[in-house]
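> Here you go, upload_11.txt (compact mmCIF, C-alpha atoms):
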# COMPACT_ATOMS: atom_id res chain seq x y z
CA MET A 194 6.02 -25.38 -76.60
CA ILE A 195 6.54 -28.81 -75.08
CA ARG A 196 10.21 -28.02 -74.80
CA ALA A 197 9.40 -24.90 -72.79
CA ILE A 198 7.15 -26.85 -70.39
CA ILE A 199 9.79 -29.58 -69.96
CA GLY A 200 12.41 -26.92 -69.37
CA MET A 201 10.29 -25.22 -66.70
CA VAL A 202 9.62 -28.52 -64.91
CA TRP A 203 13.31 -29.38 -65.05
CA LEU A 204 14.23 -25.91 -63.70
CA ALA A 205 11.67 -26.21 -60.90
CA SER A 206 13.01 -29.63 -59.90
CA ILE A 207 16.58 -28.25 -59.77
CA VAL A 208 15.46 -25.31 -57.61
CA VAL A 209 13.58 -27.62 -55.23
CA SER A 210 16.46 -30.07 -54.97
CA CYS A 211 18.99 -27.28 -54.35
CA THR A 212 17.02 -25.60 -51.61
CA GLU A 213 17.20 -27.33 -48.31
CA ILE A 214 13.80 -27.54 -46.64
CA GLU A 215 14.29 -27.73 -42.93
CA VAL A 216 11.64 -29.51 -40.89
CA THR A 217 11.68 -28.44 -37.27
CA GLU A 218 10.40 -30.56 -34.46
CA LEU A 219 8.13 -28.75 -32.03
CA ASN A 220 9.33 -30.25 -28.78
CA LEU A 221 11.87 -29.39 -26.10
CA ASN A 222 14.48 -31.72 -27.61
CA ASN A 223 14.95 -29.27 -30.47
CA PRO A 224 18.04 -27.19 -29.58
CA ARG A 225 16.64 -23.97 -31.07
CA ILE A 226 13.43 -24.21 -29.05
CA LYS A 227 15.38 -25.15 -25.94
CA LYS A 228 17.71 -22.14 -26.35
CA ALA A 229 14.78 -19.76 -27.00
CA LEU A 230 13.01 -21.10 -23.90
CA GLU A 231 16.10 -20.62 -21.72
CA ASP A 232 16.59 -17.09 -23.07
CA ARG A 233 12.96 -16.25 -22.34
CA LYS A 234 13.25 -17.69 -18.80
CA LYS A 235 16.34 -15.56 -18.12
CA GLU A 236 14.65 -12.45 -19.50
CA PHE A 237 11.54 -13.05 -17.36
CA ALA A 238 13.60 -13.67 -14.20
CA THR A 239 15.67 -10.54 -14.79
CA GLU A 240 12.59 -8.39 -15.37
CA HIS A 241 10.79 -9.85 -12.36
CA LEU A 242 13.82 -9.33 -10.10
CA PHE A 243 14.17 -5.73 -11.31
CA ASN A 244 10.48 -5.03 -10.54
CA CYS A 245 10.74 -6.65 -7.09
CA ARG A 246 13.85 -4.64 -6.20
CA ARG A 247 12.23 -1.40 -7.40
CA ASP A 248 9.11 -2.05 -5.29
CA MET A 249 11.23 -3.00 -2.28
CA VAL A 250 13.26 0.21 -2.51
CA GLU A 251 10.08 2.30 -2.79
CA ARG A 252 8.50 0.66 0.26
CA ALA A 253 11.73 0.92 2.25
CA GLY A 254 11.99 4.60 1.31
CA LEU A 255 8.48 5.28 2.58
CA TYR A 256 9.22 3.41 5.82
CA VAL A 257 12.49 5.25 6.40
CA ASP A 258 10.83 8.58 5.64
CA SER A 259 8.14 7.85 8.23
CA LEU A 260 10.78 6.90 10.80
CA ILE A 261 12.71 10.10 10.15
CA ALA A 262 9.52 12.19 10.40
CA GLU A 263 8.61 10.48 13.66
CA GLU A 264 12.10 11.12 15.08
CA ILE A 265 11.90 14.80 14.07
CA ASN A 266 8.50 15.14 15.75
CA TYR A 267 9.86 13.47 18.88
CA GLN A 268 12.88 15.77 18.97
CA LEU A 269 10.66 18.83 18.52
CA SER A 270 8.21 17.74 21.20
CA ASP A 271 11.07 16.87 23.54
CA SER A 272 12.43 20.42 23.37
CA ILE A 273 9.14 22.01 24.48
CA VAL A 274 9.36 22.81 28.18
CA PHE A 275 6.08 22.65 30.06
CA PRO A 276 5.73 24.48 33.38
CA LEU A 277 5.67 22.39 36.50
CA LYS A 278 2.43 21.82 38.36
CA PRO A 279 1.88 24.15 41.30
CA ASP A 280 2.29 22.67 44.74
CA ARG A 281 -0.82 21.37 46.41
CA PRO A 282 -2.12 23.75 49.08
CA ALA A 283 -2.07 22.65 52.69
CA TRP A 284 -5.17 20.98 54.12
CA PRO A 285 -7.37 23.64 55.71
CA GLY A 286 -9.07 21.22 58.08
CA PRO A 287 -12.53 19.65 58.16
CA ILE A 288 -15.49 21.54 56.70
CA VAL A 289 -18.03 22.35 59.41
CA LEU A 290 -21.66 22.87 58.39
CA LYS A 291 -24.35 24.52 60.46
CA ASP A 292 -27.25 22.37 61.51
CA GLU A 293 -29.68 24.54 59.55
CA ALA A 294 -31.49 23.16 56.54
CA ALA A 295 -30.22 24.38 53.22
CA ASN A 296 -32.29 26.86 51.22
CA PRO A 297 -33.61 25.63 47.87
CA LEU A 298 -31.74 26.82 44.83
CA PHE A 299 -34.85 27.61 42.80
CA LYS A 300 -37.99 29.26 44.11
CA GLU A 301 -40.33 27.77 41.55
CA LYS A 302 -40.90 24.12 40.63
CA ILE A 303 -40.51 23.03 37.03
CA ILE A 304 -42.55 20.10 35.77
CA LEU A 305 -41.61 18.72 32.40
CA HIS A 306 -44.19 16.90 30.36
CA ARG A 307 -43.89 15.48 26.91
CA ASP A 308 -45.21 18.50 25.01
CA THR A 309 -45.41 21.23 27.64
CA THR A 310 -43.44 22.73 30.49
CA ILE A 311 -45.26 23.87 33.61
CA ILE A 312 -43.68 26.31 36.03
CA LEU A 313 -45.33 26.37 39.46
CA LYS A 314 -44.75 29.26 41.82
Give the structure from the file, written as structure tokens.

Amino acid sequence: MIRAIIGMVWLASIVVSCTEIEVTELNLNNPRIKKALEDRKKEFATEHLFNCRRDMVERAGLYVDSLIAEEINYQLSDSIVFPLKPDRPAWPGPIVLKDEAANPLFKEKIILHRDTTIILK
């Protein structure tokens, strides 16, 4: 039994000594971390540039569409022919009034109060 325990300890020590345990430093001087960071920066920049270009093309398309629609409306309104204004008639001369007093337009007087209307004859 002791031989089996010694054999297992010996086997475990051989396995541990044969496997290489790699200790990584968690700072930017580590080349793996530096490479992963650079790759992530490139991926972010590419994605951001793609999104910006897509948005720019959409906004430019809307602007161009509005310009084209405005030009079409202008061309359509430019082709509509409106008739010319008629010529102004000649001046007939001064208006002469008789010296008589003018007749009233209404025979009865209307008095407006807040709640009632009174018509006087």
> Is it possible to get the axis-aligned box enclosing region 237-254 of chain A (all listed atoms, 8 Å extra per side) as JSON, with centre and edge lengths in Å rounded to one decimal?

{"center_x": 12.1, "center_y": -4.5, "center_z": -7.6, "size_x": 23.2, "size_y": 34.3, "size_z": 35.6}
> Which value, in Å to one decimal, gives the distance between CA of Phe243 (chain A) and CA of Arg225 (chain A)?
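These atoms are spaced 27.0 Å apart.
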> Please compute the CA of Asn266 (chain A)-CA of Asp248 (chain A) distance, one decimal, in Å.
27.2 Å
